$ cat my_file-v4.cif   # mmCIF, N, CA and C atoms
data_final
loop_
_atom_site.label_atom_id
_atom_site.label_comp_id
_atom_site.auth_asym_id
_atom_site.auth_seq_id
_atom_site.Cartn_x
_atom_site.Cartn_y
_atom_site.Cartn_z
N MET Y 1 5.74 22.99 21.96
CA MET Y 1 4.42 22.40 22.12
C MET Y 1 4.24 21.29 21.09
N SER Y 2 3.69 20.16 21.54
CA SER Y 2 3.50 19.04 20.63
C SER Y 2 2.33 19.29 19.68
N GLN Y 3 2.45 18.70 18.51
CA GLN Y 3 1.41 18.86 17.50
C GLN Y 3 0.26 17.90 17.80
N ARG Y 4 -0.96 18.32 17.53
CA ARG Y 4 -2.14 17.49 17.77
C ARG Y 4 -2.62 16.90 16.45
N PHE Y 5 -3.14 15.67 16.55
CA PHE Y 5 -3.68 14.98 15.38
C PHE Y 5 -5.07 14.46 15.71
N ASP Y 6 -5.89 14.37 14.69
CA ASP Y 6 -7.23 13.78 14.86
C ASP Y 6 -7.14 12.26 14.91
N VAL Y 7 -6.19 11.72 14.17
CA VAL Y 7 -6.04 10.27 14.09
C VAL Y 7 -4.57 9.92 13.86
N VAL Y 8 -4.12 8.86 14.54
CA VAL Y 8 -2.76 8.36 14.37
C VAL Y 8 -2.86 6.88 14.06
N GLY Y 9 -2.20 6.47 12.98
CA GLY Y 9 -2.19 5.07 12.60
C GLY Y 9 -0.80 4.49 12.81
N VAL Y 10 -0.74 3.34 13.45
CA VAL Y 10 0.52 2.66 13.71
C VAL Y 10 0.46 1.28 13.06
N GLY Y 11 1.42 1.01 12.17
CA GLY Y 11 1.45 -0.34 11.62
C GLY Y 11 1.71 -0.44 10.14
N LEU Y 12 0.93 -1.27 9.52
CA LEU Y 12 1.19 -1.81 8.20
C LEU Y 12 1.06 -0.84 7.03
N ASN Y 13 2.00 -0.97 6.11
CA ASN Y 13 1.89 -0.36 4.78
C ASN Y 13 2.43 -1.39 3.80
N ALA Y 14 2.03 -1.30 2.56
CA ALA Y 14 2.53 -2.19 1.51
C ALA Y 14 2.37 -1.48 0.19
N THR Y 15 3.16 -1.88 -0.78
CA THR Y 15 2.97 -1.36 -2.13
C THR Y 15 2.43 -2.52 -2.96
N ASP Y 16 1.27 -2.29 -3.56
CA ASP Y 16 0.54 -3.34 -4.27
C ASP Y 16 0.75 -3.27 -5.77
N THR Y 17 0.88 -4.42 -6.39
CA THR Y 17 0.80 -4.54 -7.84
C THR Y 17 -0.48 -5.30 -8.12
N MET Y 18 -1.43 -4.62 -8.77
CA MET Y 18 -2.71 -5.25 -9.07
C MET Y 18 -2.75 -5.65 -10.54
N LEU Y 19 -3.14 -6.88 -10.78
CA LEU Y 19 -3.29 -7.41 -12.13
C LEU Y 19 -4.74 -7.79 -12.35
N VAL Y 20 -5.37 -7.24 -13.39
CA VAL Y 20 -6.75 -7.57 -13.72
C VAL Y 20 -6.72 -8.60 -14.85
N VAL Y 21 -7.32 -9.76 -14.59
CA VAL Y 21 -7.38 -10.83 -15.59
C VAL Y 21 -8.83 -11.07 -15.99
N PRO Y 22 -9.08 -11.56 -17.22
CA PRO Y 22 -10.46 -11.80 -17.64
C PRO Y 22 -11.13 -12.89 -16.80
N HIS Y 23 -10.34 -13.86 -16.33
CA HIS Y 23 -10.81 -14.95 -15.47
C HIS Y 23 -9.57 -15.64 -14.91
N PHE Y 24 -9.73 -16.35 -13.81
CA PHE Y 24 -8.60 -17.09 -13.27
C PHE Y 24 -8.33 -18.30 -14.16
N PRO Y 25 -7.06 -18.60 -14.39
CA PRO Y 25 -6.74 -19.78 -15.19
C PRO Y 25 -6.92 -21.05 -14.37
N PRO Y 26 -7.06 -22.18 -15.03
CA PRO Y 26 -7.06 -23.44 -14.28
C PRO Y 26 -5.68 -23.65 -13.66
N TYR Y 27 -5.60 -24.51 -12.67
CA TYR Y 27 -4.33 -24.79 -12.02
C TYR Y 27 -3.29 -25.18 -13.07
N GLY Y 28 -2.15 -24.50 -13.04
CA GLY Y 28 -1.09 -24.77 -14.00
C GLY Y 28 -1.30 -24.11 -15.35
N GLY Y 29 -2.38 -23.35 -15.50
CA GLY Y 29 -2.68 -22.71 -16.78
C GLY Y 29 -2.11 -21.31 -16.88
N LYS Y 30 -2.44 -20.65 -17.98
CA LYS Y 30 -1.99 -19.28 -18.23
C LYS Y 30 -3.17 -18.45 -18.69
N VAL Y 31 -3.09 -17.15 -18.39
CA VAL Y 31 -4.10 -16.21 -18.87
C VAL Y 31 -3.43 -14.84 -18.98
N PRO Y 32 -3.72 -14.07 -20.02
CA PRO Y 32 -3.13 -12.73 -20.11
C PRO Y 32 -3.81 -11.79 -19.12
N PHE Y 33 -3.12 -10.74 -18.71
CA PHE Y 33 -3.77 -9.74 -17.86
C PHE Y 33 -4.09 -8.51 -18.69
N HIS Y 34 -5.21 -7.83 -18.33
CA HIS Y 34 -5.66 -6.64 -19.05
C HIS Y 34 -4.97 -5.37 -18.57
N HIS Y 35 -4.80 -5.25 -17.25
CA HIS Y 35 -4.24 -4.04 -16.66
C HIS Y 35 -3.26 -4.42 -15.56
N GLU Y 36 -2.26 -3.57 -15.38
CA GLU Y 36 -1.32 -3.69 -14.27
C GLU Y 36 -1.22 -2.32 -13.62
N VAL Y 37 -1.45 -2.28 -12.30
CA VAL Y 37 -1.42 -1.02 -11.57
C VAL Y 37 -0.52 -1.18 -10.35
N LEU Y 38 0.44 -0.28 -10.20
CA LEU Y 38 1.30 -0.23 -9.02
C LEU Y 38 0.75 0.86 -8.11
N SER Y 39 0.42 0.49 -6.87
CA SER Y 39 -0.29 1.42 -6.00
C SER Y 39 0.15 1.27 -4.55
N PRO Y 40 0.31 2.40 -3.82
CA PRO Y 40 0.57 2.30 -2.39
C PRO Y 40 -0.66 1.75 -1.69
N GLY Y 41 -0.41 0.97 -0.64
CA GLY Y 41 -1.54 0.38 0.08
C GLY Y 41 -1.14 -0.04 1.48
N GLY Y 42 -1.79 -1.08 1.96
CA GLY Y 42 -1.61 -1.55 3.33
C GLY Y 42 -2.74 -0.99 4.18
N GLN Y 43 -3.23 -1.78 5.11
CA GLN Y 43 -4.41 -1.40 5.88
C GLN Y 43 -4.26 -0.07 6.60
N VAL Y 44 -3.22 0.08 7.38
CA VAL Y 44 -3.07 1.29 8.20
C VAL Y 44 -2.76 2.50 7.34
N ALA Y 45 -1.81 2.36 6.42
CA ALA Y 45 -1.44 3.49 5.56
C ALA Y 45 -2.64 3.94 4.72
N SER Y 46 -3.39 3.01 4.17
CA SER Y 46 -4.57 3.37 3.37
C SER Y 46 -5.62 4.08 4.22
N ALA Y 47 -5.79 3.62 5.45
CA ALA Y 47 -6.76 4.28 6.34
C ALA Y 47 -6.34 5.71 6.63
N MET Y 48 -5.03 5.95 6.82
CA MET Y 48 -4.57 7.32 7.09
C MET Y 48 -4.77 8.22 5.87
N VAL Y 49 -4.56 7.69 4.67
CA VAL Y 49 -4.81 8.47 3.45
C VAL Y 49 -6.29 8.84 3.37
N THR Y 50 -7.16 7.89 3.65
CA THR Y 50 -8.60 8.17 3.62
C THR Y 50 -8.97 9.24 4.64
N CYS Y 51 -8.44 9.13 5.86
CA CYS Y 51 -8.72 10.13 6.89
C CYS Y 51 -8.25 11.51 6.46
N ALA Y 52 -7.05 11.58 5.89
CA ALA Y 52 -6.52 12.88 5.45
C ALA Y 52 -7.40 13.46 4.34
N ARG Y 53 -7.86 12.62 3.44
CA ARG Y 53 -8.73 13.10 2.35
C ARG Y 53 -10.07 13.59 2.87
N LEU Y 54 -10.47 13.09 4.03
CA LEU Y 54 -11.71 13.54 4.66
C LEU Y 54 -11.50 14.80 5.50
N GLY Y 55 -10.26 15.30 5.52
CA GLY Y 55 -9.98 16.55 6.22
C GLY Y 55 -9.44 16.40 7.62
N LEU Y 56 -9.16 15.18 8.05
CA LEU Y 56 -8.61 14.97 9.39
C LEU Y 56 -7.10 15.16 9.38
N ARG Y 57 -6.56 15.62 10.50
CA ARG Y 57 -5.10 15.73 10.65
C ARG Y 57 -4.58 14.35 11.02
N ALA Y 58 -3.84 13.73 10.10
CA ALA Y 58 -3.43 12.34 10.26
C ALA Y 58 -1.92 12.22 10.41
N LYS Y 59 -1.54 11.20 11.18
CA LYS Y 59 -0.12 10.88 11.39
C LYS Y 59 0.03 9.38 11.16
N TYR Y 60 1.10 8.99 10.50
CA TYR Y 60 1.40 7.58 10.29
C TYR Y 60 2.71 7.24 10.99
N ILE Y 61 2.71 6.12 11.74
CA ILE Y 61 3.91 5.62 12.40
C ILE Y 61 4.12 4.18 11.93
N GLY Y 62 5.28 3.92 11.38
CA GLY Y 62 5.59 2.58 10.90
C GLY Y 62 6.97 2.55 10.27
N THR Y 63 7.31 1.40 9.72
CA THR Y 63 8.59 1.27 9.02
C THR Y 63 8.33 1.10 7.53
N ILE Y 64 9.24 1.66 6.74
CA ILE Y 64 9.13 1.59 5.29
C ILE Y 64 10.50 1.22 4.74
N GLY Y 65 10.53 0.33 3.77
CA GLY Y 65 11.78 -0.07 3.14
C GLY Y 65 12.36 1.06 2.30
N ASP Y 66 13.67 0.98 2.04
CA ASP Y 66 14.33 2.06 1.31
C ASP Y 66 14.44 1.78 -0.20
N ASP Y 67 13.56 0.94 -0.73
CA ASP Y 67 13.57 0.64 -2.16
C ASP Y 67 12.55 1.50 -2.91
N GLU Y 68 12.39 1.23 -4.19
CA GLU Y 68 11.46 2.01 -5.02
C GLU Y 68 10.03 1.92 -4.49
N ARG Y 69 9.61 0.75 -4.04
CA ARG Y 69 8.25 0.59 -3.51
C ARG Y 69 8.08 1.40 -2.22
N GLY Y 70 9.11 1.47 -1.42
CA GLY Y 70 9.05 2.30 -0.22
C GLY Y 70 8.93 3.77 -0.56
N ARG Y 71 9.65 4.20 -1.60
CA ARG Y 71 9.56 5.60 -2.03
C ARG Y 71 8.17 5.92 -2.57
N ILE Y 72 7.55 4.97 -3.25
CA ILE Y 72 6.17 5.17 -3.72
C ILE Y 72 5.25 5.38 -2.52
N GLN Y 73 5.45 4.58 -1.47
CA GLN Y 73 4.63 4.70 -0.26
C GLN Y 73 4.83 6.05 0.41
N ILE Y 74 6.09 6.45 0.60
CA ILE Y 74 6.40 7.74 1.23
C ILE Y 74 5.79 8.89 0.43
N ASP Y 75 5.97 8.86 -0.89
CA ASP Y 75 5.44 9.94 -1.74
C ASP Y 75 3.92 10.04 -1.61
N SER Y 76 3.24 8.90 -1.55
CA SER Y 76 1.78 8.91 -1.42
C SER Y 76 1.34 9.50 -0.09
N LEU Y 77 1.97 9.03 1.00
CA LEU Y 77 1.60 9.52 2.33
C LEU Y 77 1.90 11.01 2.46
N ARG Y 78 3.10 11.40 2.06
CA ARG Y 78 3.48 12.81 2.14
C ARG Y 78 2.56 13.67 1.26
N GLY Y 79 2.27 13.20 0.06
CA GLY Y 79 1.40 13.93 -0.86
C GLY Y 79 -0.02 14.08 -0.35
N SER Y 80 -0.42 13.21 0.57
CA SER Y 80 -1.76 13.29 1.17
C SER Y 80 -1.77 14.19 2.40
N GLY Y 81 -0.60 14.75 2.75
CA GLY Y 81 -0.53 15.66 3.89
C GLY Y 81 -0.42 14.96 5.23
N ILE Y 82 0.00 13.72 5.24
CA ILE Y 82 0.11 12.95 6.47
C ILE Y 82 1.46 13.21 7.13
N ASP Y 83 1.46 13.40 8.44
CA ASP Y 83 2.70 13.61 9.18
C ASP Y 83 3.49 12.30 9.23
N LEU Y 84 4.76 12.37 8.87
CA LEU Y 84 5.61 11.18 8.81
C LEU Y 84 6.84 11.30 9.72
N THR Y 85 6.79 12.18 10.71
CA THR Y 85 7.99 12.44 11.52
C THR Y 85 8.47 11.21 12.28
N ASP Y 86 7.61 10.25 12.56
CA ASP Y 86 8.03 9.06 13.30
C ASP Y 86 8.12 7.81 12.44
N VAL Y 87 8.14 7.97 11.13
CA VAL Y 87 8.35 6.83 10.23
C VAL Y 87 9.83 6.46 10.25
N GLN Y 88 10.11 5.18 10.30
CA GLN Y 88 11.49 4.69 10.24
C GLN Y 88 11.73 4.07 8.86
N ILE Y 89 12.77 4.53 8.19
CA ILE Y 89 13.17 3.95 6.92
C ILE Y 89 14.17 2.84 7.20
N ARG Y 90 13.89 1.63 6.75
CA ARG Y 90 14.78 0.49 6.97
C ARG Y 90 15.76 0.38 5.82
N GLY Y 91 17.02 0.65 6.11
CA GLY Y 91 18.07 0.57 5.10
C GLY Y 91 18.29 -0.84 4.59
N ASN Y 92 18.60 -0.96 3.32
CA ASN Y 92 18.87 -2.25 2.68
C ASN Y 92 17.74 -3.26 2.89
N CYS Y 93 16.52 -2.76 2.89
CA CYS Y 93 15.36 -3.62 3.11
C CYS Y 93 14.25 -3.25 2.13
N PRO Y 94 13.71 -4.22 1.43
CA PRO Y 94 12.59 -3.90 0.54
C PRO Y 94 11.33 -3.62 1.34
N ASN Y 95 10.48 -2.77 0.80
CA ASN Y 95 9.20 -2.50 1.44
C ASN Y 95 8.29 -3.71 1.29
N GLN Y 96 7.36 -3.86 2.21
CA GLN Y 96 6.39 -4.94 2.05
C GLN Y 96 5.66 -4.74 0.74
N SER Y 97 5.38 -5.84 0.06
CA SER Y 97 4.66 -5.73 -1.20
C SER Y 97 3.63 -6.83 -1.32
N ALA Y 98 2.67 -6.59 -2.21
CA ALA Y 98 1.63 -7.57 -2.49
C ALA Y 98 1.33 -7.56 -3.97
N TYR Y 99 1.03 -8.73 -4.48
CA TYR Y 99 0.54 -8.88 -5.85
C TYR Y 99 -0.90 -9.35 -5.74
N ILE Y 100 -1.79 -8.58 -6.32
CA ILE Y 100 -3.22 -8.84 -6.19
C ILE Y 100 -3.77 -9.14 -7.57
N VAL Y 101 -4.27 -10.35 -7.75
CA VAL Y 101 -4.84 -10.76 -9.03
C VAL Y 101 -6.36 -10.66 -8.91
N ILE Y 102 -6.95 -9.85 -9.78
CA ILE Y 102 -8.38 -9.58 -9.72
C ILE Y 102 -9.06 -10.20 -10.93
N ASP Y 103 -10.04 -11.05 -10.68
CA ASP Y 103 -10.83 -11.69 -11.74
C ASP Y 103 -11.88 -10.70 -12.22
N GLN Y 104 -11.73 -10.21 -13.45
CA GLN Y 104 -12.63 -9.19 -13.98
C GLN Y 104 -14.08 -9.70 -14.08
N SER Y 105 -14.27 -10.99 -14.30
CA SER Y 105 -15.62 -11.53 -14.49
C SER Y 105 -16.40 -11.64 -13.19
N THR Y 106 -15.70 -11.79 -12.05
CA THR Y 106 -16.40 -11.96 -10.77
C THR Y 106 -16.07 -10.89 -9.73
N GLY Y 107 -14.94 -10.21 -9.90
CA GLY Y 107 -14.49 -9.25 -8.90
C GLY Y 107 -13.71 -9.90 -7.77
N GLU Y 108 -13.61 -11.22 -7.77
CA GLU Y 108 -12.85 -11.92 -6.73
C GLU Y 108 -11.37 -11.60 -6.88
N ARG Y 109 -10.64 -11.67 -5.77
CA ARG Y 109 -9.21 -11.37 -5.82
C ARG Y 109 -8.42 -12.41 -5.04
N THR Y 110 -7.19 -12.57 -5.44
CA THR Y 110 -6.24 -13.43 -4.75
C THR Y 110 -5.00 -12.59 -4.47
N VAL Y 111 -4.48 -12.69 -3.25
CA VAL Y 111 -3.36 -11.84 -2.84
C VAL Y 111 -2.15 -12.71 -2.51
N PHE Y 112 -1.01 -12.33 -3.07
CA PHE Y 112 0.29 -12.90 -2.74
C PHE Y 112 1.09 -11.78 -2.10
N TRP Y 113 1.65 -11.99 -0.91
CA TRP Y 113 2.35 -10.90 -0.25
C TRP Y 113 3.69 -11.36 0.33
N SER Y 114 4.54 -10.38 0.55
CA SER Y 114 5.84 -10.62 1.17
C SER Y 114 6.10 -9.52 2.19
N ARG Y 115 6.45 -9.93 3.39
CA ARG Y 115 6.79 -8.98 4.45
C ARG Y 115 8.22 -9.28 4.91
N PRO Y 116 9.20 -8.55 4.36
CA PRO Y 116 10.60 -8.83 4.72
C PRO Y 116 10.91 -8.52 6.17
#
$ encode --input "my_file-v4.cif" --output "structure tokens"
Amino acid sequence: MSQRFDVVGVGLNATDTMLVVPHFPPYGGKVPFHHEVLSPGGQVASAMVTCARLGLRAKYIGTIGDDERGRIQIDSLRGSGIDLTDVQIRGNCPNQSAYIVIDQSTGERTVFWSRP
């Protein structure tokens, strides 16, 4: 008998590196960052984690790279109790990643991403 889920998410995951800066530098300038946080993310994967935390039976379907960032993503999803039976691990491929720079003074953010 097939397992039933309250919600199934198909699609995007990414592992984010967030940098909090006191303010954005001028073009070509430099500014130190206050905090650096490595965190699993991506729209669909994050939504499934939220659903699982709300008590729903969640399943995630997507591809994940076989690098350290991919392992961070898998550990987060699995640790949240999300079914991963249909996740495909892409060998010799980095997981999608994003670098998110957050301006502490305004809360604005800028995102740089790579989807291999």
$ resolve_selection --input "my_file-v4.cif" --expression "the PyMOL selection byres (((chain Y and resi 95 and name CA) around 7) and name CA)" --output "PDB file with N, CA and C atoms, keeping the file's coordinate frame"
ATOM      1  N   ALA Y  14       2.030  -1.300   2.560  1.00  0.00           N
ATOM      2  CA  ALA Y  14       2.530  -2.190   1.510  1.00  0.00           C
ATOM      3  C   ALA Y  14       2.370  -1.480   0.190  1.00  0.00           C
ATOM      4  N   ILE Y  64       9.240   1.660   6.740  1.00  0.00           N
ATOM      5  CA  ILE Y  64       9.130   1.590   5.290  1.00  0.00           C
ATOM      6  C   ILE Y  64      10.500   1.220   4.740  1.00  0.00           C
ATOM      7  N   GLY Y  65      10.530   0.330   3.770  1.00  0.00           N
ATOM      8  CA  GLY Y  65      11.780  -0.070   3.140  1.00  0.00           C
ATOM      9  C   GLY Y  65      12.360   1.060   2.300  1.00  0.00           C
ATOM     10  N   ASP Y  66      13.670   0.980   2.040  1.00  0.00           N
ATOM     11  CA  ASP Y  66      14.330   2.060   1.310  1.00  0.00           C
ATOM     12  C   ASP Y  66      14.440   1.780  -0.200  1.00  0.00           C
ATOM     13  N   ASP Y  67      13.560   0.940  -0.730  1.00  0.00           N
ATOM     14  CA  ASP Y  67      13.570   0.640  -2.160  1.00  0.00           C
ATOM     15  C   ASP Y  67      12.550   1.500  -2.910  1.00  0.00           C
ATOM     16  N   ARG Y  69       9.610   0.750  -4.040  1.00  0.00           N
ATOM     17  CA  ARG Y  69       8.250   0.590  -3.510  1.00  0.00           C
ATOM     18  C   ARG Y  69       8.080   1.400  -2.220  1.00  0.00           C
ATOM     19  N   GLY Y  70       9.110   1.470  -1.420  1.00  0.00           N
ATOM     20  CA  GLY Y  70       9.050   2.300  -0.220  1.00  0.00           C
ATOM     21  C   GLY Y  70       8.930   3.770  -0.560  1.00  0.00           C
ATOM     22  N   CYS Y  93      16.520  -2.760   2.890  1.00  0.00           N
ATOM     23  CA  CYS Y  93      15.360  -3.620   3.110  1.00  0.00           C
ATOM     24  C   CYS Y  93      14.250  -3.250   2.130  1.00  0.00           C
ATOM     25  N   PRO Y  94      13.710  -4.220   1.430  1.00  0.00           N
ATOM     26  CA  PRO Y  94      12.590  -3.900   0.540  1.00  0.00           C
ATOM     27  C   PRO Y  94      11.330  -3.620   1.340  1.00  0.00           C
ATOM     28  N   GLN Y  96       7.360  -3.860   2.210  1.00  0.00           N
ATOM     29  CA  GLN Y  96       6.390  -4.940   2.050  1.00  0.00           C
ATOM     30  C   GLN Y  96       5.660  -4.740   0.740  1.00  0.00           C
ATOM     31  N   SER Y  97       5.380  -5.840   0.060  1.00  0.00           N
ATOM     32  CA  SER Y  97       4.660  -5.730  -1.200  1.00  0.00           C
ATOM     33  C   SER Y  97       3.630  -6.830  -1.320  1.00  0.00           C
TER      34      SER Y  97
END
$ axis_aligned_box --input "my_file-v4.cif" --around "range 50-54 of chain Y" --padding-each-side "3 Å" --output "lines of an AutoDock Vina configuration file"
center_x = -9.1
center_y = 11.3
center_z = 4.6
size_x = 11.2
size_y = 12.9
size_z = 10.5
$ closest_residue --input "my_file-v4.cif" --among "Y:Leu19, Y:Ile82, Y:Val87, Y:Val101" --to "Ala52 in chain Y" --atoms "only N, CA and C atoms"
Y:Ile82
$ resolve_selection --input "my_file-v4.cif" --expression "the PyMOL selection byres (((chain Y and resi 58-63 and name CA) around 6) and name CA)" --output "list in words"
Phe5, Val7, Val8, Gly9, Val10, Gly11, Ala52, Leu56, Arg57, Ile64, Ile82, Asp83, Leu84, Asp86, Val87, Gln88 and Ile89 of chain Y
$ write_last_selection --input "my_file-v4.cif" --atoms "N, CA and C atoms" --output "PDB file, in the coordinates of the input"
ATOM      1  N   PHE Y   5      -3.140  15.670  16.550  1.00  0.00           N
ATOM      2  CA  PHE Y   5      -3.680  14.980  15.380  1.00  0.00           C
ATOM      3  C   PHE Y   5      -5.070  14.460  15.710  1.00  0.00           C
ATOM      4  N   VAL Y   7      -6.190  11.720  14.170  1.00  0.00           N
ATOM      5  CA  VAL Y   7      -6.040  10.270  14.090  1.00  0.00           C
ATOM      6  C   VAL Y   7      -4.570   9.920  13.860  1.00  0.00           C
ATOM      7  N   VAL Y   8      -4.120   8.860  14.540  1.00  0.00           N
ATOM      8  CA  VAL Y   8      -2.760   8.360  14.370  1.00  0.00           C
ATOM      9  C   VAL Y   8      -2.860   6.880  14.060  1.00  0.00           C
ATOM     10  N   GLY Y   9      -2.200   6.470  12.980  1.00  0.00           N
ATOM     11  CA  GLY Y   9      -2.190   5.070  12.600  1.00  0.00           C
ATOM     12  C   GLY Y   9      -0.800   4.490  12.810  1.00  0.00           C
ATOM     13  N   VAL Y  10      -0.740   3.340  13.450  1.00  0.00           N
ATOM     14  CA  VAL Y  10       0.520   2.660  13.710  1.00  0.00           C
ATOM     15  C   VAL Y  10       0.460   1.280  13.060  1.00  0.00           C
ATOM     16  N   GLY Y  11       1.420   1.010  12.170  1.00  0.00           N
ATOM     17  CA  GLY Y  11       1.450  -0.340  11.620  1.00  0.00           C
ATOM     18  C   GLY Y  11       1.710  -0.440  10.140  1.00  0.00           C
ATOM     19  N   ALA Y  52      -7.050  11.580   5.890  1.00  0.00           N
ATOM     20  CA  ALA Y  52      -6.520  12.880   5.450  1.00  0.00           C
ATOM     21  C   ALA Y  52      -7.400  13.460   4.340  1.00  0.00           C
ATOM     22  N   LEU Y  56      -9.160  15.180   8.050  1.00  0.00           N
ATOM     23  CA  LEU Y  56      -8.610  14.970   9.390  1.00  0.00           C
ATOM     24  C   LEU Y  56      -7.100  15.160   9.380  1.00  0.00           C
ATOM     25  N   ARG Y  57      -6.560  15.620  10.500  1.00  0.00           N
ATOM     26  CA  ARG Y  57      -5.100  15.730  10.650  1.00  0.00           C
ATOM     27  C   ARG Y  57      -4.580  14.350  11.020  1.00  0.00           C
ATOM     28  N   ILE Y  64       9.240   1.660   6.740  1.00  0.00           N
ATOM     29  CA  ILE Y  64       9.130   1.590   5.290  1.00  0.00           C
ATOM     30  C   ILE Y  64      10.500   1.220   4.740  1.00  0.00           C
ATOM     31  N   ILE Y  82       0.000  13.720   5.240  1.00  0.00           N
ATOM     32  CA  ILE Y  82       0.110  12.950   6.470  1.00  0.00           C
ATOM     33  C   ILE Y  82       1.460  13.210   7.130  1.00  0.00           C
ATOM     34  N   ASP Y  83       1.460  13.400   8.440  1.00  0.00           N
ATOM     35  CA  ASP Y  83       2.700  13.610   9.180  1.00  0.00           C
ATOM     36  C   ASP Y  83       3.490  12.300   9.230  1.00  0.00           C
ATOM     37  N   LEU Y  84       4.760  12.370   8.870  1.00  0.00           N
ATOM     38  CA  LEU Y  84       5.610  11.180   8.810  1.00  0.00           C
ATOM     39  C   LEU Y  84       6.840  11.300   9.720  1.00  0.00           C
ATOM     40  N   ASP Y  86       7.610  10.250  12.560  1.00  0.00           N
ATOM     41  CA  ASP Y  86       8.030   9.060  13.300  1.00  0.00           C
ATOM     42  C   ASP Y  86       8.120   7.810  12.440  1.00  0.00           C
ATOM     43  N   VAL Y  87       8.140   7.970  11.130  1.00  0.00           N
ATOM     44  CA  VAL Y  87       8.350   6.830  10.230  1.00  0.00           C
ATOM     45  C   VAL Y  87       9.830   6.460  10.250  1.00  0.00           C
ATOM     46  N   GLN Y  88      10.110   5.180  10.300  1.00  0.00           N
ATOM     47  CA  GLN Y  88      11.490   4.690  10.240  1.00  0.00           C
ATOM     48  C   GLN Y  88      11.730   4.070   8.860  1.00  0.00           C
ATOM     49  N   ILE Y  89      12.770   4.530   8.190  1.00  0.00           N
ATOM     50  CA  ILE Y  89      13.170   3.950   6.920  1.00  0.00           C
ATOM     51  C   ILE Y  89      14.170   2.840   7.200  1.00  0.00           C
TER      52      ILE Y  89
END
$ resolve_selection --input "my_file-v4.cif" --expression "the PyMOL selection byres (((chain Y and resi 18 and name CA) around 6) and name CA)" --output "CSV table (one decimal) with N, CA and C atoms, in the frame of the given file"
chain,number,residue,atom,x,y,z
Y,17,THR,N,0.9,-4.4,-6.4
Y,17,THR,CA,0.8,-4.5,-7.8
Y,17,THR,C,-0.5,-5.3,-8.1
Y,19,LEU,N,-3.1,-6.9,-10.8
Y,19,LEU,CA,-3.3,-7.4,-12.1
Y,19,LEU,C,-4.7,-7.8,-12.4
Y,36,GLU,N,-2.3,-3.6,-15.4
Y,36,GLU,CA,-1.3,-3.7,-14.3
Y,36,GLU,C,-1.2,-2.3,-13.6
Y,37,VAL,N,-1.4,-2.3,-12.3
Y,37,VAL,CA,-1.4,-1.0,-11.6
Y,37,VAL,C,-0.5,-1.2,-10.4
Y,99,TYR,N,1.0,-8.7,-4.5
Y,99,TYR,CA,0.5,-8.9,-5.8
Y,99,TYR,C,-0.9,-9.4,-5.7
Y,100,ILE,N,-1.8,-8.6,-6.3
Y,100,ILE,CA,-3.2,-8.8,-6.2
Y,100,ILE,C,-3.8,-9.1,-7.6
Y,101,VAL,N,-4.3,-10.4,-7.8
Y,101,VAL,CA,-4.8,-10.8,-9.0
Y,101,VAL,C,-6.4,-10.7,-8.9
$ closest_residue --input "my_file-v4.cif" --among "Y:Leu12, Y:Val111, Y:Val31, Y:Leu77" --to "Val44 in chain Y" --atoms "all atoms listed in the file"
Y:Leu12
$ select_by_dssp --input "my_file-v4.cif" --residues "range 23-59 of chain Y" --states "strand (DSSP E)" --output "list of chain:residue names"
Y:His35, Y:Glu36, Y:Val37, Y:Leu38, Y:Ser39, Y:Pro40, Y:Gly41, Y:Ala58, Y:Lys59
$ closest_residue --input "my_file-v4.cif" --among "Y:Asn13, Y:Phe24, Y:Glu68, Y:Asn92" --to "Thr106 in chain Y" --atoms "all atoms listed in the file"
Y:Phe24
$ closest_residue --input "my_file-v4.cif" --among "Y:Ile102, Y:Glu108, Y:Arg53, Y:Ile72" --to "Gly41 in chain Y" --atoms "only N, CA and C atoms"
Y:Ile72
$ atom_distance --input "my_file-v4.cif" --atom1 "CA of His35 in chain Y" --atom2 "atom C of Gly81 in chain Y"
29.2 Å
